[in-house]
Structure formats: C-alpha cells, structure tokens
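Source file: run.cif (mmCIF, C-alpha atoms)
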data_entry
loop_
_atom_site.group_PDB
_atom_site.id
_atom_site.type_symbol
_atom_site.label_atom_id
_atom_site.label_comp_id
_atom_site.auth_asym_id
_atom_site.auth_seq_id
_atom_site.Cartn_x
_atom_site.Cartn_y
_atom_site.Cartn_z
ATOM 1 C CA MET A 1 9.513 19.870 -3.813
ATOM 2 C CA ALA A 2 7.186 20.415 -0.871
ATOM 3 C CA GLY A 3 8.769 20.438 2.575
ATOM 4 C CA CYS A 4 7.910 17.858 5.196
ATOM 5 C CA GLY A 5 5.702 20.265 7.174
ATOM 6 C CA GLY A 6 3.623 21.174 4.134
ATOM 7 C CA ALA A 7 3.351 17.536 3.119
ATOM 8 C CA ALA A 8 2.088 16.618 6.597
ATOM 9 C CA ARG A 9 -0.661 19.250 6.386
ATOM 10 C CA VAL A 10 -1.625 17.959 2.963
ATOM 11 C CA ALA A 11 -1.747 14.388 4.257
ATOM 12 C CA ALA A 12 -4.052 15.480 7.063
ATOM 13 C CA ARG A 13 -6.569 16.860 4.588
ATOM 14 C CA VAL A 14 -6.383 13.757 2.407
ATOM 15 C CA GLY A 15 -6.698 11.466 5.429
ATOM 16 C CA ARG A 16 -9.783 13.260 6.712
ATOM 17 C CA GLY A 17 -11.409 12.760 3.335
ATOM 18 C CA ALA A 18 -10.560 9.063 3.270
ATOM 19 C CA ARG A 19 -11.932 8.516 6.777
ATOM 20 C CA THR A 20 -15.123 10.348 5.880
ATOM 21 C CA ALA A 21 -15.586 8.048 2.922
ATOM 22 C CA GLY A 22 -14.905 5.033 5.145
ATOM 23 C CA LYS A 23 -17.744 6.059 7.469
ATOM 24 C CA GLY A 24 -20.307 5.837 4.652
ATOM 25 C CA ARG A 25 -20.228 9.503 3.585
ATOM 26 C CA PRO A 26 -18.262 9.277 0.323
ATOM 27 C CA LEU A 27 -16.809 12.469 -1.043
ATOM 28 C CA GLY A 28 -17.924 13.755 -4.427
ATOM 29 C CA PRO A 29 -15.624 14.345 -7.405
ATOM 30 C CA GLU A 30 -15.045 18.026 -6.600
ATOM 31 C CA ALA A 31 -14.071 17.311 -3.013
ATOM 32 C CA VAL A 32 -11.686 14.521 -4.026
ATOM 33 C CA LEU A 33 -10.188 16.756 -6.711
ATOM 34 C CA GLY A 34 -9.529 19.400 -4.071
ATOM 35 C CA LEU A 35 -7.779 16.850 -1.874
ATOM 36 C CA LEU A 36 -5.645 15.563 -4.742
ATOM 37 C CA GLU A 37 -4.676 19.084 -5.783
ATOM 38 C CA ALA A 38 -3.630 19.862 -2.212
ATOM 39 C CA SER A 39 -1.688 16.594 -1.925
ATOM 40 C CA VAL A 40 0.930 17.378 -4.588
ATOM 41 C CA VAL A 41 4.391 16.742 -3.108
ATOM 42 C CA HIS A 42 6.534 17.148 -6.231
ATOM 43 C CA ARG A 43 6.161 19.001 -9.524
ATOM 44 C CA GLU A 44 8.990 19.309 -12.002
ATOM 45 C CA GLY A 45 8.759 19.437 -15.787
ATOM 46 C CA ALA A 46 6.548 16.588 -17.009
ATOM 47 C CA LEU A 47 6.552 14.892 -13.584
ATOM 48 C CA LEU A 48 3.918 15.247 -10.883
ATOM 49 C CA ALA A 49 3.743 13.316 -7.607
ATOM 50 C CA LEU A 50 0.906 13.361 -5.089
ATOM 51 C CA SER A 51 -0.192 11.363 -2.067
ATOM 52 C CA LYS A 52 -3.294 9.238 -2.614
ATOM 53 C CA PRO A 53 -5.706 8.507 0.249
ATOM 54 C CA ALA A 54 -6.525 4.912 1.121
ATOM 55 C CA ASP A 55 -9.514 3.329 -0.653
ATOM 56 C CA LEU A 56 -9.286 5.507 -3.772
ATOM 57 C CA PRO A 57 -8.838 3.160 -6.759
ATOM 58 C CA VAL A 58 -6.482 4.069 -9.572
ATOM 59 C CA LEU A 59 -8.615 2.273 -12.174
ATOM 60 C CA GLY A 60 -12.168 2.078 -10.917
ATOM 61 C CA ARG A 61 -15.096 -0.032 -12.016
ATOM 62 C CA PRO A 62 -17.613 1.521 -14.446
ATOM 63 C CA GLY A 63 -19.311 4.454 -12.741
ATOM 64 C CA GLU A 64 -16.896 4.404 -9.792
ATOM 65 C CA LEU A 65 -14.877 7.415 -8.689
ATOM 66 C CA SER A 66 -11.219 6.762 -9.456
ATOM 67 C CA LEU A 67 -7.930 8.571 -9.806
ATOM 68 C CA THR A 68 -7.756 7.900 -13.564
ATOM 69 C CA ALA A 69 -11.232 9.314 -14.123
ATOM 70 C CA LEU A 70 -10.231 12.497 -12.280
ATOM 71 C CA LEU A 71 -6.931 13.062 -14.110
ATOM 72 C CA PRO A 72 -8.332 15.282 -16.911
ATOM 73 C CA ALA A 73 -9.964 17.611 -14.386
ATOM 74 C CA LEU A 74 -6.837 17.548 -12.188
ATOM 75 C CA ARG A 75 -4.705 18.501 -15.197
ATOM 76 C CA ARG A 76 -6.932 21.522 -15.874
ATOM 77 C CA ARG A 77 -6.855 22.593 -12.228
ATOM 78 C CA LEU A 78 -3.069 22.477 -12.180
ATOM 79 C CA GLY A 79 -2.744 24.232 -15.530
ATOM 80 C CA LEU A 80 -0.820 21.417 -17.189
ATOM 81 C CA PRO A 81 -0.748 21.509 -21.005
ATOM 82 C CA ALA A 82 -0.738 17.753 -21.644
ATOM 83 C CA GLU A 83 -2.669 14.659 -20.568
ATOM 84 C CA LEU A 84 -1.461 12.940 -17.379
ATOM 85 C CA HIS A 85 -0.501 9.257 -17.270
ATOM 86 C CA VAL A 86 -0.018 7.055 -14.209
ATOM 87 C CA VAL A 87 3.584 5.846 -13.936
ATOM 88 C CA LYS A 88 3.351 4.164 -10.525
ATOM 89 C CA ALA A 89 0.695 4.055 -7.832
ATOM 90 C CA PRO A 90 -0.276 1.943 -4.807
ATOM 91 C CA ALA A 91 -3.309 -0.320 -4.925
ATOM 92 C CA ARG A 92 -6.811 0.853 -4.072
ATOM 93 C CA GLU A 93 -6.618 -0.068 -0.381
ATOM 94 C CA CYS A 94 -3.206 1.537 0.147
ATOM 95 C CA SER A 95 -2.332 5.169 0.681
ATOM 96 C CA GLY A 96 0.756 6.885 -0.603
ATOM 97 C CA LEU A 97 2.749 8.192 -3.520
ATOM 98 C CA VAL A 98 1.314 8.342 -7.011
ATOM 99 C CA LEU A 99 3.766 9.246 -9.769
ATOM 100 C CA LEU A 100 2.221 10.928 -12.814
ATOM 101 C CA SER A 101 3.738 12.084 -16.100
ATOM 102 C CA ALA A 102 2.523 14.456 -18.808
ATOM 103 C CA CYS A 103 4.970 13.020 -21.361
ATOM 104 C CA PRO A 104 4.597 9.477 -22.783
ATOM 105 C CA ARG A 105 8.357 9.252 -23.390
ATOM 106 C CA VAL A 106 9.106 10.137 -19.748
ATOM 107 C CA THR A 107 6.464 7.636 -18.609
ATOM 108 C CA GLU A 108 8.146 4.870 -20.604
ATOM 109 C CA GLN A 109 11.629 5.826 -19.366
ATOM 110 C CA LEU A 110 10.544 5.768 -15.729
ATOM 111 C CA GLN A 111 8.749 2.451 -16.056
ATOM 112 C CA ARG A 112 11.883 0.972 -17.641
ATOM 113 C CA SER A 113 14.002 2.401 -14.808
ATOM 114 C CA PHE A 114 11.815 0.689 -12.167
ATOM 115 C CA THR A 115 12.075 -2.623 -14.035
ATOM 116 C CA ALA A 116 15.856 -2.254 -14.409
ATOM 117 C CA ALA A 117 16.266 -1.409 -10.711
ATOM 118 C CA ARG A 118 14.426 -4.579 -9.668
ATOM 119 C CA ARG A 119 16.575 -6.650 -12.028
ATOM 120 C CA ARG A 120 19.670 -5.162 -10.360
ATOM 121 C CA ALA A 121 18.288 -6.395 -7.017
ATOM 122 C CA GLN A 122 17.459 -2.835 -5.949
ATOM 123 C CA PHE A 123 14.305 -1.780 -4.118
ATOM 124 C CA PRO A 124 12.912 1.474 -5.599
ATOM 125 C CA ALA A 125 9.715 1.493 -3.493
ATOM 126 C CA THR A 126 9.476 1.645 0.301
ATOM 127 C CA TYR A 127 6.235 1.078 2.218
ATOM 128 C CA SER A 128 5.372 1.517 5.881
ATOM 129 C CA ALA A 129 2.942 -0.888 7.553
ATOM 130 C CA VAL A 130 1.366 -1.326 10.966
ATOM 131 C CA THR A 131 0.880 -5.010 11.715
ATOM 132 C CA VAL A 132 -1.060 -7.067 14.230
ATOM 133 C CA GLY A 133 1.754 -9.214 15.536
ATOM 134 C CA ILE A 134 5.534 -8.847 15.645
ATOM 135 C CA PRO A 135 7.815 -10.825 13.309
ATOM 136 C CA ALA A 136 10.106 -13.358 14.947
ATOM 137 C CA GLU A 137 13.150 -11.809 13.243
ATOM 138 C CA ALA A 138 13.847 -8.073 13.240
ATOM 139 C CA GLU A 139 14.636 -8.093 9.533
ATOM 140 C CA GLY A 140 14.611 -10.507 6.658
ATOM 141 C CA GLU A 141 13.078 -11.420 3.319
ATOM 142 C CA ILE A 142 9.873 -13.166 2.307
ATOM 143 C CA SER A 143 10.332 -15.139 -0.910
ATOM 144 C CA VAL A 144 7.412 -17.177 -2.195
ATOM 145 C CA GLY A 145 5.446 -17.928 -5.342
ATOM 146 C CA LEU A 146 2.042 -16.257 -5.669
ATOM 147 C CA CYS A 147 -0.883 -17.068 -7.917
ATOM 148 C CA TRP A 148 -4.573 -16.404 -8.347
ATOM 149 C CA GLN A 149 -6.844 -19.194 -7.131
ATOM 150 C CA GLN A 150 -10.585 -19.423 -7.583
ATOM 151 C CA LYS A 151 -12.459 -19.713 -4.291
ATOM 152 C CA GLY A 152 -16.198 -19.970 -4.737
ATOM 153 C CA ASP A 153 -17.368 -17.052 -6.838
ATOM 154 C CA ALA A 154 -14.226 -14.991 -6.215
ATOM 155 C CA ALA A 155 -10.526 -15.228 -6.993
ATOM 156 C CA ALA A 156 -7.924 -14.923 -4.232
ATOM 157 C CA VAL A 157 -4.157 -14.509 -4.163
ATOM 158 C CA VAL A 158 -2.514 -17.503 -2.484
ATOM 159 C CA ALA A 159 1.066 -18.553 -1.775
ATOM 160 C CA VAL A 160 2.790 -21.376 -3.642
ATOM 161 C CA PRO A 161 5.834 -22.205 -1.460
ATOM 162 C CA SER A 162 7.630 -24.398 -4.031
ATOM 163 C CA PRO A 163 6.370 -23.499 -7.508
ATOM 164 C CA GLY A 164 7.368 -25.745 -10.404
ATOM 165 C CA ARG A 165 9.464 -24.346 -13.220
ATOM 166 C CA ARG A 166 6.737 -24.978 -15.756
ATOM 167 C CA SER A 167 4.093 -23.106 -13.786
ATOM 168 C CA VAL A 168 6.472 -20.143 -13.460
ATOM 169 C CA ALA A 169 7.425 -20.260 -17.150
ATOM 170 C CA ARG A 170 3.751 -20.356 -18.152
ATOM 171 C CA GLY A 171 3.039 -17.340 -15.959
ATOM 172 C CA GLU A 172 0.659 -19.269 -13.716
ATOM 173 C CA VAL A 173 2.824 -18.522 -10.657
ATOM 174 C CA LYS A 174 5.070 -15.530 -10.046
ATOM 175 C CA CYS A 175 8.112 -15.721 -7.767
ATOM 176 C CA THR A 176 7.908 -12.735 -5.404
ATOM 177 C CA LEU A 177 10.240 -11.195 -2.858
ATOM 178 C CA THR A 178 9.864 -8.528 -0.175
ATOM 179 C CA ARG A 179 12.518 -7.247 2.208
ATOM 180 C CA TYR A 180 11.273 -6.138 5.638
ATOM 181 C CA ARG A 181 12.711 -4.380 8.687
ATOM 182 C CA LEU A 182 11.199 -3.883 12.138
ATOM 183 C CA LEU A 183 11.101 -0.185 13.087
ATOM 184 C CA GLY A 184 9.262 -0.515 16.383
ATOM 185 C CA ALA A 185 6.999 -2.783 18.457
ATOM 186 C CA ALA A 186 4.470 -2.149 21.219
ATOM 187 C CA GLY A 187 1.419 -3.904 22.619
ATOM 188 C CA GLY A 188 1.679 -6.853 20.255
ATOM 189 C CA CYS A 189 1.771 -4.630 17.157
ATOM 190 C CA ALA A 190 4.658 -3.530 14.977
ATOM 191 C CA LEU A 191 5.741 -0.831 12.564
ATOM 192 C CA LEU A 192 7.514 -2.388 9.593
ATOM 193 C CA GLN A 193 9.400 -1.039 6.615
ATOM 194 C CA LEU A 194 8.658 -3.071 3.479
ATOM 195 C CA GLN A 195 10.565 -3.015 0.200
ATOM 196 C CA PRO A 196 9.109 -5.208 -2.554
ATOM 197 C CA ARG A 197 11.474 -6.268 -5.316
ATOM 198 C CA THR A 198 8.635 -7.724 -7.379
ATOM 199 C CA ALA A 199 5.115 -6.551 -8.132
ATOM 200 C CA PHE A 200 2.046 -8.769 -7.761
ATOM 201 C CA PRO A 201 -1.480 -7.843 -6.606
ATOM 202 C CA GLU A 202 -1.772 -7.950 -2.800
ATOM 203 C CA GLN A 203 1.843 -9.117 -2.539
ATOM 204 C CA LEU A 204 2.627 -7.177 0.622
ATOM 205 C CA GLN A 205 -0.564 -8.215 2.399
ATOM 206 C CA VAL A 206 0.068 -11.899 1.625
ATOM 207 C CA HIS A 207 3.731 -11.666 2.650
ATOM 208 C CA LEU A 208 2.810 -10.061 5.973
ATOM 209 C CA THR A 209 0.268 -12.818 6.571
ATOM 210 C CA LEU A 210 2.977 -15.429 5.942
ATOM 211 C CA LEU A 211 5.025 -13.667 8.645
ATOM 212 C CA LEU A 212 1.983 -14.213 10.927
ATOM 213 C CA CYS A 213 1.745 -10.417 11.167
ATOM 214 C CA PRO A 214 -1.184 -9.276 8.995
ATOM 215 C CA ALA A 215 -1.476 -5.590 8.268
ATOM 216 C CA LEU A 216 -3.881 -3.632 10.450
ATOM 217 C CA GLY A 217 -7.003 -3.045 8.371
ATOM 218 C CA ASP A 218 -6.368 -6.029 6.062
ATOM 219 C CA HIS A 219 -9.895 -7.403 5.770
ATOM 220 C CA ARG A 220 -8.985 -9.879 3.018
ATOM 221 C CA HIS A 221 -6.031 -11.922 4.311
ATOM 222 C CA ALA A 222 -5.902 -11.432 8.106
ATOM 223 C CA SER A 223 -8.382 -14.270 8.713
ATOM 224 C CA ARG A 224 -5.665 -16.741 7.618
ATOM 225 C CA VAL A 225 -3.821 -16.123 10.893
ATOM 226 C CA GLY A 226 -5.344 -17.960 13.857
ATOM 227 C CA THR A 227 -4.161 -18.334 17.443
ATOM 228 C CA VAL A 228 -3.904 -21.258 19.862
ATOM 229 C CA LEU A 229 -3.044 -20.418 23.475
ATOM 230 C CA GLY A 230 -1.883 -17.008 22.292
ATOM 231 C CA GLU A 231 0.456 -18.393 19.608
ATOM 232 C CA PRO A 232 -0.281 -17.459 15.981
ATOM 233 C CA PHE A 233 -0.463 -20.054 13.231
ATOM 234 C CA LEU A 234 -1.331 -20.039 9.530
ATOM 235 C CA LEU A 235 -4.593 -21.583 8.392
ATOM 236 C CA PRO A 236 -4.611 -23.470 5.060
ATOM 237 C CA PRO A 237 -6.281 -21.436 2.271
ATOM 238 C CA GLN A 238 -9.156 -23.933 1.971
ATOM 239 C CA GLU A 239 -9.982 -23.491 5.679
ATOM 240 C CA THR A 240 -9.819 -19.694 5.625
ATOM 241 C CA PRO A 241 -13.135 -17.954 6.268
ATOM 242 C CA THR A 242 -14.637 -15.750 3.575
ATOM 243 C CA PRO A 243 -12.964 -12.305 3.710
ATOM 244 C CA CYS A 244 -14.668 -10.135 6.281
ATOM 245 C CA THR A 245 -13.874 -7.325 8.678
ATOM 246 C CA GLN A 246 -10.584 -8.023 10.472
ATOM 247 C CA VAL A 247 -11.175 -9.353 13.988
ATOM 248 C CA LEU A 248 -9.123 -7.579 16.670
ATOM 249 C CA ASP A 249 -8.971 -8.548 20.331
ATOM 250 C CA ALA A 250 -10.731 -6.407 22.916
ATOM 251 C CA GLU A 251 -7.515 -4.957 24.353
ATOM 252 C CA LEU A 252 -6.304 -3.724 20.965
ATOM 253 C CA MET A 253 -9.753 -2.331 20.136
ATOM 254 C CA SER A 254 -9.657 -0.411 23.401
ATOM 255 C CA ARG A 255 -6.168 0.971 22.770
ATOM 256 C CA LEU A 256 -7.232 2.114 19.307
ATOM 257 C CA GLN A 257 -10.434 3.612 20.740
ATOM 258 C CA LEU A 258 -12.576 1.695 18.246
ATOM 259 C CA SER A 259 -16.233 0.783 18.421
ATOM 260 C CA PRO A 260 -17.170 -2.862 17.705
ATOM 261 C CA HIS A 261 -18.444 -2.014 14.196
ATOM 262 C CA HIS A 262 -15.604 0.276 13.133
ATOM 263 C CA ARG A 263 -13.865 -0.841 9.919
ATOM 264 C CA LEU A 264 -10.264 0.336 9.852
ATOM 265 C CA PRO A 265 -8.583 1.382 6.599
ATOM 266 C CA LEU A 266 -5.534 -0.592 5.532
ATOM 267 C CA HIS A 267 -2.385 0.614 7.310
ATOM 268 C CA LEU A 268 -0.088 0.178 4.311
ATOM 269 C CA HIS A 269 1.483 3.342 2.897
ATOM 270 C CA LEU A 270 3.782 3.839 -0.100
ATOM 271 C CA GLN A 271 6.164 6.292 1.517
ATOM 272 C CA GLN A 272 9.156 6.542 -0.792
ATOM 273 C CA LEU A 273 10.042 6.145 -4.470
ATOM 274 C CA VAL A 274 13.624 6.266 -5.703
ATOM 275 C CA LEU A 275 13.825 7.814 -9.187
ATOM 276 C CA PRO A 276 16.983 8.018 -11.309
ATOM 277 C CA HIS A 277 17.742 11.595 -10.176
ATOM 278 C CA THR A 278 15.692 12.185 -7.036
ATOM 279 C CA VAL A 279 13.912 10.553 -4.086
ATOM 280 C CA LEU A 280 10.218 11.277 -3.540
ATOM 281 C CA SER A 281 8.511 10.833 -0.182
ATOM 282 C CA ALA A 282 5.162 11.412 1.483
ATOM 283 C CA PRO A 283 4.309 11.138 5.189
ATOM 284 C CA PRO A 284 1.628 8.638 6.247
ATOM 285 C CA PRO A 285 -1.990 9.846 6.427
ATOM 286 C CA PRO A 286 -3.620 10.914 9.714
ATOM 287 C CA HIS A 287 -5.347 7.584 10.451
ATOM 288 C CA PHE A 288 -1.939 5.894 10.232
ATOM 289 C CA LEU A 289 -0.217 8.488 12.431
ATOM 290 C CA ARG A 290 -3.046 8.354 14.973
ATOM 291 C CA THR A 291 -2.653 4.574 15.235
ATOM 292 C CA LEU A 292 1.087 4.950 15.816
ATOM 293 C CA ARG A 293 0.428 7.461 18.591
ATOM 294 C CA LEU A 294 -2.231 5.347 20.307
ATOM 295 C CA LEU A 295 -0.039 2.227 20.174
ATOM 296 C CA GLY A 296 3.146 4.022 21.229
ATOM 297 C CA LEU A 297 4.946 3.208 17.988
ATOM 298 C CA PRO A 298 7.507 5.559 16.396
ATOM 299 C CA SER A 299 6.790 7.560 13.257
ATOM 300 C CA PRO A 300 8.443 6.058 10.177
ATOM 301 C CA PRO A 301 11.534 8.079 9.224
ATOM 302 C CA LEU A 302 11.371 10.239 6.111
ATOM 303 C CA PRO A 303 14.439 10.121 3.886
ATOM 304 C CA PRO A 304 16.397 13.356 3.343
ATOM 305 C CA HIS A 305 15.584 15.275 0.157
#
Write out the structure in this file as structure tokens.
Amino acid sequence: MAGCGGAARVAARVGRGARTAGKGRPLGPEAVLGLLEASVVHREGALLALSKPADLPVLGRPGELSLTALLPALRRRLGLPAELHVVKAPARECSGLVLLSACPRVTEQLQRSFTAARRRAQFPATYSAVTVGIPAEAEGEISVGLCWQQKGDAAAVVAVPSPGRRSVARGEVKCTLTRYRLLGAAGGCALLQLQPRTAFPEQLQVHLTLLLCPALGDHRHASRVGTVLGEPFLLPPQETPTPCTQVLDAELMSRLQLSPHHRLPLHLHLQQLVLPHTVLSAPPPPHFLRTLRLLGLPSPPLPPH
C-alpha cells in the first residue's frame, strides 16, 4: 500500500487536473488516465484502489468522459490480466476512494460485506466535509426518509421526516442515517467527519443541509438554507430556488481568495473504506486542503495502516 506521503503527492496531481477541468479547460482521456494511474493507493491481488478527483463521473452520459469508460485503458496501462469492475465509488461531485476488482467473485464478496456491515450497524465508509455553518451539536446522527421528487423538468432528492410504512415498503421512500462528528470550526465553517450507514443519491449533501450546514461547493442543496438576522433556517422544498452556484458571503469569499464568478468544487471526500481484512485511505485533494489552510481548519486525520 502506498504511504501517506506518496498518496499526498498523487492527490495533488489529481486535484490539479480536477481544478483545471472546473475552470473550463477539461482534460482529455489520456491526461485523465495518467492522473488515475498515478492515484493508485492500494494494489493487491484482484483488488485495486485509487483516489478519484471531484467531478469525474463513474457512469457518464453517452459521449461523456467517465471512470467506467476509462477502465479498459487503465487495465492495460497497469498490466492487469482481467477486466476491472467498480465495487464502490463516490458520486460524480465527490472526490475520494474508488475500489475496483478484477475478479467478479471478489466484487460480489466485497459488496456483500458492505451490506452486512451496514446491517450490523457498522459504518464502513468515512467521508470528510467542509461545511458553511457549524452544527449545534459536536456529534450526532441524522435520520430521515429520502425520496425523489419531481420539480419542474428535473427530479430532486428531498427529505421525508416521517415516512409512512407503506411508502417505505413500496420503495418510494428510503430511511437513511448518517453519523457525524465535528473535527474543527473556524470563521463560521466546519470540518466534519461523516459516516453513512445507508446509501442514497445525494444523501450526505441533504443531511448536511438539514443540519443547516451545507457542504462548501454544494450547488444543488445549499440554497435551501437561508438566514434571518444571521440565524440559519431551512426553506421548504417548494420555496427553494432552482439549483445554482452556491452563494457565499463576502467575508468568506475573501478568506477563500475567490473571485465573484468562481465555482467551487464540492468539498466532500471519501477518505476511508473498511474492508474485511484491511483499511484503505486517501488524503483529500489539494483544493480541499487549500480550503482548510485558508480557513484555519485542521487536516482530517488519516487512520493507521
């Protein structure tokens, strides 16, 4: 397994590529392949783990650059004899660990182990997040039903605080749970550790919004949190503006050294995965670490190998 120093250098290269893409100069397939090859943090038998940059989709739209589309070329570059399959990966907007397998049987075993761990009330995945706002409690759990709701021409994930048994049984609503812990706070922002016990699209972003602490760079859900006389409150879904670039106050923009038109990447990073016989970890990308430095927040701790 790669050491922490090597992993940090890898993350820097990946982060630079992601930021370049975010500024309107998307990287081509060869450049992204080079970043992915350099971002490998674990390789053992049929298992391969790497750190994905933010804004790279796992399954892209037709004609879109995606991790899945690049897997055959990545396999050839790494000299692997068999096709790679995605076992676990963060969503498009997130950065962090991607677990790949070259053996279908191993893929199935690992997926079953993640499901079994959640059923045993364990938390196999740990994320780090920078939030705009500080939770009222230093640690706790967010437990709420989530569902897809049509809003105009688009569908959005919304909370259902008290879902009925029938809606849950029919699969219309999923009961979700995330455990959180405050790791540091400064200037009205926070560094949080997040451990989801369930999996639902945009679960962590919605849960952070319900804490009145949306993730920095969340351009989809942050508009649900408004302020009156400096106090945050949650807007009803029907009154939420159409998703747009997250609005930050002038003081925070200045501290982050941002121009008015800068669009931040999502500060949500899959940092750790607990497997049956090992723990995998990847340090946050450079844009995340830079934000921590500018805000005076601590770096999230890496678990021992």
TODO: Fewer than 2 positions away in the same chain doesn't count, so skip those; otherwise give me all residues within 7 Å of A:Ser95, counting only C-alpha atoms, as a list of chain:residue names.
DONE: A:Lys52, A:Pro53, A:Ala54, A:Pro90, A:Glu93, A:Leu268, A:His269, A:Leu270
- [ ] Can you turn the PyMOL selection byres ((chain A and resi 187) around 10) into a concrete residue list for this file, as an MDAnalysis selection string?
- [x] chainID A and resid 132:134 185:186 188:190 251:252 255 295:297
Task: Selection near A:Leu273, 8 Å with all atoms listed in the file, sequence-local residues under 6 positions removed, as a ChimeraX atom specification - done: /A:97,124-126,279-281
TODO: Given the file shown, enumerate the residues that the PyMOL selection byres ((chain A and resi 209) around 12) captures and present them as a ChimeraX atom specification.
DONE: /A:131-135,142,157-159,202-208,210-216,218-226,232-237
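Atom CA of A:Ser113 sits 24.2 Å away from atom CA of A:Leu80.
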Open item on the list: Nearest residue to A:Glu44 out of A:Val58, A:Leu71, A:Ala102, A:Cys94, using all atoms listed in the file?
Closed with: A:Ala102
Open item on the list: Which residues are near A:Arg105? Cut-off 12 Å, only C-alpha atoms, ignore same chain within fewer than 5 positions. Put them as an NGL selection string.
Closed with: :A and (46-47 or 85 or 87 or 110-112)
Open item on the list: Could you tell me how far atom CA of A:His277 sits from atom CA of A:Thr68, in Å to one decimal place?
Closed with: 26.0 Å
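Separating atom CA of A:Gln149 from atom CA of A:Gln195 is a distance of 24.9 Å.
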